[in-house]
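Undergrad: Here you go, this is model_24.cif (mmCIF, N, CA and C atoms).
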data_target
loop_
_atom_site.label_atom_id
_atom_site.label_comp_id
_atom_site.auth_asym_id
_atom_site.auth_seq_id
_atom_site.Cartn_x
_atom_site.Cartn_y
_atom_site.Cartn_z
N MET C 1 0.81 -1.17 0.00
CA MET C 1 0.00 0.00 0.00
C MET C 1 0.86 1.25 0.00
N GLU C 2 1.95 1.07 -0.59
CA GLU C 2 2.83 2.19 -0.73
C GLU C 2 2.21 3.21 -1.66
N GLY C 3 2.37 4.48 -1.31
CA GLY C 3 1.85 5.53 -2.15
C GLY C 3 0.41 5.90 -1.82
N MET C 4 -0.26 5.07 -1.04
CA MET C 4 -1.64 5.39 -0.68
C MET C 4 -1.61 6.29 0.55
N HIS C 5 -2.38 7.29 0.49
CA HIS C 5 -2.46 8.22 1.62
C HIS C 5 -3.78 8.00 2.34
N GLU C 6 -3.69 7.77 3.60
CA GLU C 6 -4.90 7.50 4.39
C GLU C 6 -5.52 8.81 4.83
N GLU C 7 -6.80 8.96 4.58
CA GLU C 7 -7.53 10.16 5.00
C GLU C 7 -7.84 10.07 6.48
N PRO C 8 -7.63 11.14 7.23
CA PRO C 8 -7.99 11.09 8.65
C PRO C 8 -9.51 11.05 8.78
N GLU C 9 -9.96 10.36 9.84
CA GLU C 9 -11.40 10.28 10.08
C GLU C 9 -11.92 11.64 10.49
N PRO C 10 -13.12 11.98 10.01
CA PRO C 10 -13.68 13.28 10.40
C PRO C 10 -13.91 13.32 11.91
N GLN C 11 -13.59 14.44 12.49
CA GLN C 11 -13.77 14.58 13.93
C GLN C 11 -14.91 15.55 14.19
N GLU C 12 -15.54 15.36 15.32
CA GLU C 12 -16.65 16.22 15.70
C GLU C 12 -16.13 17.64 15.87
N ASP C 13 -16.83 18.58 15.32
CA ASP C 13 -16.42 19.97 15.41
C ASP C 13 -16.88 20.54 16.75
N ARG C 14 -16.13 20.28 17.78
CA ARG C 14 -16.51 20.73 19.12
C ARG C 14 -16.46 22.24 19.25
N GLY C 15 -15.60 22.88 18.51
CA GLY C 15 -15.53 24.33 18.55
C GLY C 15 -16.86 24.96 18.14
N HIS C 16 -17.49 24.38 17.13
CA HIS C 16 -18.78 24.89 16.66
C HIS C 16 -19.86 24.68 17.73
N VAL C 17 -19.84 23.54 18.38
CA VAL C 17 -20.81 23.26 19.43
C VAL C 17 -20.62 24.25 20.57
N ARG C 18 -19.39 24.46 20.96
CA ARG C 18 -19.11 25.41 22.04
C ARG C 18 -19.56 26.82 21.64
N GLU C 19 -19.28 27.18 20.42
CA GLU C 19 -19.65 28.52 19.95
C GLU C 19 -21.17 28.68 19.99
N GLY C 20 -21.89 27.68 19.52
CA GLY C 20 -23.35 27.72 19.55
C GLY C 20 -23.86 27.82 20.97
N HIS C 21 -23.26 27.05 21.86
CA HIS C 21 -23.66 27.08 23.27
C HIS C 21 -23.36 28.45 23.88
N ALA C 22 -22.21 29.01 23.53
CA ALA C 22 -21.85 30.33 24.05
C ALA C 22 -22.83 31.38 23.58
N GLU C 23 -23.28 31.26 22.33
CA GLU C 23 -24.26 32.21 21.82
C GLU C 23 -25.57 32.11 22.57
N ILE C 24 -25.99 30.88 22.89
CA ILE C 24 -27.22 30.68 23.67
C ILE C 24 -27.06 31.26 25.06
N VAL C 25 -25.93 31.00 25.69
CA VAL C 25 -25.66 31.53 27.03
C VAL C 25 -25.63 33.06 26.99
N ASP C 26 -24.95 33.63 25.98
CA ASP C 26 -24.90 35.08 25.83
C ASP C 26 -26.30 35.66 25.66
N ALA C 27 -27.11 35.02 24.84
CA ALA C 27 -28.49 35.49 24.63
C ALA C 27 -29.28 35.43 25.93
N ALA C 28 -29.10 34.36 26.69
CA ALA C 28 -29.80 34.21 27.96
C ALA C 28 -29.35 35.29 28.94
N LYS C 29 -28.05 35.56 28.97
CA LYS C 29 -27.53 36.61 29.87
C LYS C 29 -28.06 37.98 29.47
N LYS C 30 -28.11 38.24 28.15
CA LYS C 30 -28.62 39.52 27.68
C LYS C 30 -30.09 39.68 28.05
N GLU C 31 -30.86 38.61 27.90
CA GLU C 31 -32.29 38.65 28.25
C GLU C 31 -32.45 38.88 29.76
N GLU C 32 -31.63 38.18 30.55
CA GLU C 32 -31.68 38.35 32.01
C GLU C 32 -31.32 39.78 32.39
N HIS C 33 -30.28 40.33 31.75
CA HIS C 33 -29.88 41.70 32.01
C HIS C 33 -31.00 42.66 31.62
N HIS C 34 -31.62 42.41 30.47
CA HIS C 34 -32.73 43.25 30.00
C HIS C 34 -33.87 43.24 31.01
N GLU C 35 -34.19 42.06 31.55
CA GLU C 35 -35.26 41.94 32.54
C GLU C 35 -34.88 42.67 33.83
N ASP C 36 -33.61 42.58 34.23
CA ASP C 36 -33.14 43.29 35.43
C ASP C 36 -33.28 44.79 35.25
N VAL C 37 -32.90 45.29 34.08
CA VAL C 37 -32.99 46.72 33.80
C VAL C 37 -34.44 47.17 33.81
N LYS C 38 -35.33 46.37 33.17
CA LYS C 38 -36.75 46.71 33.15
C LYS C 38 -37.31 46.75 34.58
N GLU C 39 -36.91 45.79 35.41
CA GLU C 39 -37.40 45.75 36.80
C GLU C 39 -36.90 46.96 37.58
N LYS C 40 -35.64 47.33 37.40
CA LYS C 40 -35.10 48.50 38.10
C LYS C 40 -35.81 49.77 37.66
N LEU C 41 -36.05 49.90 36.36
CA LEU C 41 -36.76 51.08 35.87
C LEU C 41 -38.18 51.13 36.42
N LYS C 42 -38.82 49.98 36.49
CA LYS C 42 -40.17 49.92 37.03
C LYS C 42 -40.17 50.35 38.50
N ARG C 43 -39.19 49.85 39.27
CA ARG C 43 -39.10 50.24 40.68
C ARG C 43 -38.85 51.73 40.82
N LYS C 44 -38.08 52.30 39.91
CA LYS C 44 -37.77 53.73 39.97
C LYS C 44 -39.03 54.57 39.83
N GLU C 45 -40.02 54.07 39.11
CA GLU C 45 -41.27 54.80 38.96
C GLU C 45 -41.98 54.98 40.30
N PHE C 46 -41.72 54.08 41.22
CA PHE C 46 -42.35 54.10 42.53
C PHE C 46 -41.53 54.91 43.54
N GLU C 47 -40.37 55.41 43.11
CA GLU C 47 -39.43 56.07 44.01
C GLU C 47 -39.37 57.57 43.79
N ILE C 48 -39.09 58.26 44.89
CA ILE C 48 -38.80 59.69 44.80
C ILE C 48 -37.53 59.97 45.58
N PHE C 49 -36.86 61.03 45.19
CA PHE C 49 -35.67 61.51 45.88
C PHE C 49 -36.11 62.63 46.81
N VAL C 50 -35.62 62.59 48.04
CA VAL C 50 -35.91 63.65 49.00
C VAL C 50 -34.58 64.20 49.49
N GLY C 51 -34.37 65.50 49.29
CA GLY C 51 -33.13 66.14 49.72
C GLY C 51 -33.41 67.20 50.76
N GLY C 52 -32.35 67.75 51.32
CA GLY C 52 -32.49 68.83 52.29
C GLY C 52 -32.97 68.37 53.65
N LEU C 53 -32.75 67.10 53.96
CA LEU C 53 -33.19 66.57 55.25
C LEU C 53 -32.25 67.03 56.37
N ASP C 54 -32.82 67.21 57.55
CA ASP C 54 -32.03 67.48 58.74
C ASP C 54 -31.11 66.28 58.97
N LYS C 55 -29.87 66.53 59.34
CA LYS C 55 -28.89 65.45 59.53
C LYS C 55 -29.27 64.49 60.66
N ASP C 56 -30.17 64.91 61.54
CA ASP C 56 -30.60 64.04 62.64
C ASP C 56 -31.89 63.29 62.32
N ALA C 57 -32.47 63.52 61.15
CA ALA C 57 -33.72 62.84 60.78
C ALA C 57 -33.46 61.34 60.62
N THR C 58 -34.45 60.56 61.01
CA THR C 58 -34.35 59.10 60.91
C THR C 58 -35.31 58.59 59.83
N GLU C 59 -35.20 57.31 59.52
CA GLU C 59 -36.11 56.69 58.55
C GLU C 59 -37.55 56.82 59.04
N ASP C 60 -37.76 56.65 60.34
CA ASP C 60 -39.11 56.78 60.90
C ASP C 60 -39.65 58.19 60.72
N ASP C 61 -38.80 59.20 60.92
CA ASP C 61 -39.22 60.59 60.74
C ASP C 61 -39.68 60.83 59.30
N VAL C 62 -38.90 60.35 58.36
CA VAL C 62 -39.21 60.53 56.94
C VAL C 62 -40.50 59.78 56.59
N THR C 63 -40.60 58.55 57.06
CA THR C 63 -41.79 57.74 56.79
C THR C 63 -43.04 58.40 57.33
N LYS C 64 -42.94 58.94 58.54
CA LYS C 64 -44.11 59.58 59.18
C LYS C 64 -44.65 60.71 58.31
N VAL C 65 -43.78 61.57 57.81
CA VAL C 65 -44.19 62.72 57.00
C VAL C 65 -44.77 62.25 55.66
N PHE C 66 -44.09 61.35 54.97
CA PHE C 66 -44.52 60.97 53.62
C PHE C 66 -45.67 59.96 53.61
N SER C 67 -45.94 59.35 54.75
CA SER C 67 -47.09 58.44 54.83
C SER C 67 -48.41 59.19 54.73
N GLU C 68 -48.35 60.50 54.87
CA GLU C 68 -49.57 61.31 54.73
C GLU C 68 -50.13 61.26 53.31
N VAL C 69 -49.29 60.97 52.33
CA VAL C 69 -49.75 60.96 50.94
C VAL C 69 -49.76 59.57 50.32
N GLY C 70 -49.25 58.57 51.01
CA GLY C 70 -49.23 57.22 50.45
C GLY C 70 -48.54 56.23 51.35
N ASN C 71 -48.58 54.99 50.93
CA ASN C 71 -47.97 53.89 51.67
C ASN C 71 -46.49 53.80 51.31
N VAL C 72 -45.63 54.23 52.24
CA VAL C 72 -44.18 54.19 52.04
C VAL C 72 -43.73 52.76 52.31
N THR C 73 -43.19 52.10 51.28
CA THR C 73 -42.78 50.71 51.44
C THR C 73 -41.30 50.54 51.73
N ASP C 74 -40.51 51.59 51.44
CA ASP C 74 -39.06 51.49 51.68
C ASP C 74 -38.46 52.88 51.77
N VAL C 75 -37.56 53.06 52.72
CA VAL C 75 -36.82 54.31 52.86
C VAL C 75 -35.34 53.96 52.86
N ARG C 76 -34.60 54.56 51.94
CA ARG C 76 -33.14 54.40 51.93
C ARG C 76 -32.54 55.74 52.29
N LEU C 77 -32.25 55.90 53.55
CA LEU C 77 -31.66 57.13 54.07
C LEU C 77 -30.14 56.98 53.96
N MET C 78 -29.53 57.83 53.17
CA MET C 78 -28.09 57.72 52.93
C MET C 78 -27.33 58.23 54.16
N MET C 79 -26.46 57.36 54.68
CA MET C 79 -25.77 57.67 55.93
C MET C 79 -24.29 57.94 55.71
N ASN C 80 -23.73 58.81 56.56
CA ASN C 80 -22.30 59.08 56.58
C ASN C 80 -21.69 58.10 57.58
N PRO C 81 -20.81 57.21 57.14
CA PRO C 81 -20.26 56.19 58.04
C PRO C 81 -19.41 56.77 59.17
N GLN C 82 -18.79 57.94 58.95
CA GLN C 82 -17.95 58.53 59.99
C GLN C 82 -18.79 59.17 61.09
N THR C 83 -19.76 59.97 60.69
CA THR C 83 -20.54 60.70 61.69
C THR C 83 -21.75 59.92 62.19
N LYS C 84 -22.12 58.86 61.46
CA LYS C 84 -23.30 58.04 61.78
C LYS C 84 -24.59 58.84 61.64
N LYS C 85 -24.53 59.98 60.94
CA LYS C 85 -25.73 60.78 60.68
C LYS C 85 -26.06 60.66 59.20
N ASN C 86 -27.29 61.02 58.87
CA ASN C 86 -27.66 60.92 57.46
C ASN C 86 -26.97 62.04 56.67
N LYS C 87 -26.88 61.83 55.37
CA LYS C 87 -26.22 62.79 54.48
C LYS C 87 -27.16 63.89 54.00
N GLY C 88 -28.40 63.87 54.50
CA GLY C 88 -29.35 64.91 54.13
C GLY C 88 -30.24 64.56 52.95
N PHE C 89 -30.20 63.28 52.51
CA PHE C 89 -31.09 62.88 51.44
C PHE C 89 -31.47 61.41 51.57
N ALA C 90 -32.58 61.08 50.92
CA ALA C 90 -33.09 59.71 50.97
C ALA C 90 -33.85 59.39 49.69
N PHE C 91 -34.08 58.12 49.48
CA PHE C 91 -34.92 57.63 48.39
C PHE C 91 -36.09 56.90 49.04
N LEU C 92 -37.30 57.28 48.67
CA LEU C 92 -38.49 56.66 49.23
C LEU C 92 -39.22 55.89 48.14
N ARG C 93 -39.67 54.71 48.47
CA ARG C 93 -40.46 53.92 47.52
C ARG C 93 -41.88 53.81 48.07
N PHE C 94 -42.83 54.00 47.17
CA PHE C 94 -44.25 53.93 47.53
C PHE C 94 -44.88 52.68 46.95
N ALA C 95 -46.05 52.34 47.45
CA ALA C 95 -46.75 51.13 47.00
C ALA C 95 -47.21 51.25 45.56
N THR C 96 -47.54 52.45 45.12
CA THR C 96 -48.01 52.64 43.74
C THR C 96 -47.31 53.85 43.11
N VAL C 97 -47.33 53.87 41.81
CA VAL C 97 -46.78 55.00 41.06
C VAL C 97 -47.57 56.26 41.38
N GLU C 98 -48.87 56.12 41.49
CA GLU C 98 -49.73 57.28 41.78
C GLU C 98 -49.36 57.93 43.11
N GLN C 99 -49.07 57.10 44.12
CA GLN C 99 -48.68 57.63 45.43
C GLN C 99 -47.34 58.36 45.34
N ALA C 100 -46.41 57.82 44.59
CA ALA C 100 -45.11 58.47 44.41
C ALA C 100 -45.28 59.82 43.72
N LYS C 101 -46.12 59.85 42.68
CA LYS C 101 -46.38 61.12 41.98
C LYS C 101 -47.05 62.13 42.89
N ARG C 102 -47.99 61.63 43.70
CA ARG C 102 -48.69 62.51 44.64
C ARG C 102 -47.71 63.10 45.66
N ALA C 103 -46.83 62.28 46.18
CA ALA C 103 -45.83 62.77 47.14
C ALA C 103 -44.95 63.82 46.49
N PHE C 104 -44.57 63.58 45.27
CA PHE C 104 -43.70 64.51 44.55
C PHE C 104 -44.39 65.86 44.32
N THR C 105 -45.66 65.83 43.97
CA THR C 105 -46.35 67.08 43.65
C THR C 105 -46.87 67.79 44.90
N GLU C 106 -47.35 67.04 45.89
CA GLU C 106 -47.97 67.66 47.06
C GLU C 106 -46.99 68.04 48.16
N LEU C 107 -45.87 67.37 48.22
CA LEU C 107 -44.92 67.64 49.30
C LEU C 107 -43.63 68.21 48.74
N LYS C 108 -43.71 69.39 48.15
CA LYS C 108 -42.54 70.02 47.55
C LYS C 108 -41.49 70.42 48.61
N ASN C 109 -41.94 70.95 49.73
CA ASN C 109 -41.02 71.36 50.80
C ASN C 109 -41.50 70.82 52.14
N PRO C 110 -41.45 69.50 52.27
CA PRO C 110 -41.96 68.92 53.53
C PRO C 110 -41.04 69.24 54.69
N LEU C 111 -41.62 69.34 55.86
CA LEU C 111 -40.85 69.59 57.06
C LEU C 111 -40.69 68.27 57.80
N VAL C 112 -39.48 67.74 57.79
CA VAL C 112 -39.19 66.48 58.46
C VAL C 112 -38.38 66.82 59.69
N LEU C 113 -39.00 66.61 60.86
CA LEU C 113 -38.34 66.94 62.12
C LEU C 113 -37.88 65.68 62.82
N PRO C 114 -36.67 65.72 63.36
CA PRO C 114 -36.18 64.55 64.11
C PRO C 114 -36.84 64.46 65.48
#
If you took the structure in this file and wrote it as structure tokens, what would it be?
TA:
Amino acid sequence: MEGMHEEPEPQEDRGHVREGHAEIVDAAKKEEHHEDVKEKLKRKEFEIFVGGLDKDATEDDVTKVFSEVGNVTDVRLMMNPQTKKNKGFAFLRFATVEQAKRAFTELKNPLVLP
């Protein structure tokens, strides 16, 4: 069999399989990221920013004032780690978009006392 050249057996193209799998994983990650972004944007509709707070104001103080216009479901009072006092601003989340809008329009200069 001199002079005959043996053809190598075809091998499974694993690179193509991996590439296809990577594309599926990438698509799934992009979809998951898209859903995360949509959820965050939706939550933002329920949130308002409140600035100019007294440095001694607490989450309870803020909740008490803003509960007059809606159901406050979350207060994120930004704190200074050194002084242990708030930084003078917070983010409030309401149960509905309508309540958040109402708080924004009706409580332009709320008085939050510690």
Undergrad: Suppose you want the space between atom CA of C:Glu32 and atom CA of C:Val75; what is it in Å?
TA: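 If I compute the distance from atom CA of C:Glu32 to atom CA of C:Val75, I get 26.8 Å.
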Undergrad: Can you work out the spacing between atom CA of C:Gln99 and atom CA of C:Phe46 in Å, to one decimal?
TA: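 If I compute the distance from atom CA of C:Gln99 to atom CA of C:Phe46, I get 7.8 Å.
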Undergrad: Between atom C of C:Thr58 and atom CA of C:Leu77, what is the distance, to one decimal in Å?
TA: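 Computing it gives 7.0 Å between the two atoms.
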Undergrad: Given the file shown, enumerate the residues that the PyMOL selection byres ((chain C and resi 55) around 8) captures and present them as a ChimeraX atom specification.
TA: /C:52-54,56-58,84-89,114
Undergrad: For each of C:Glu47, C:Glu35, C:Glu68, C:Asp60, take the minimum atom-to-atom distance to C:Ala95, counting all atoms listed in the file, then give the residue where this is smallest.
TA: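 Ranking C:Glu47, C:Glu35, C:Glu68, C:Asp60 by distance to C:Ala95, first place goes to C:Glu47.
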Undergrad: Starting from the displayed file, determine the output of the PyMOL selection byres (((chain C and resi 71 and name CA) around 6) and name CA) and express the residue list as a count of residues only.
TA: 5
Undergrad: Which one of C:Gln82, C:Thr63, C:Ala90, C:Lys29 sits closest to C:Phe49 if you count only N, CA and C atoms?
TA: C:Ala90
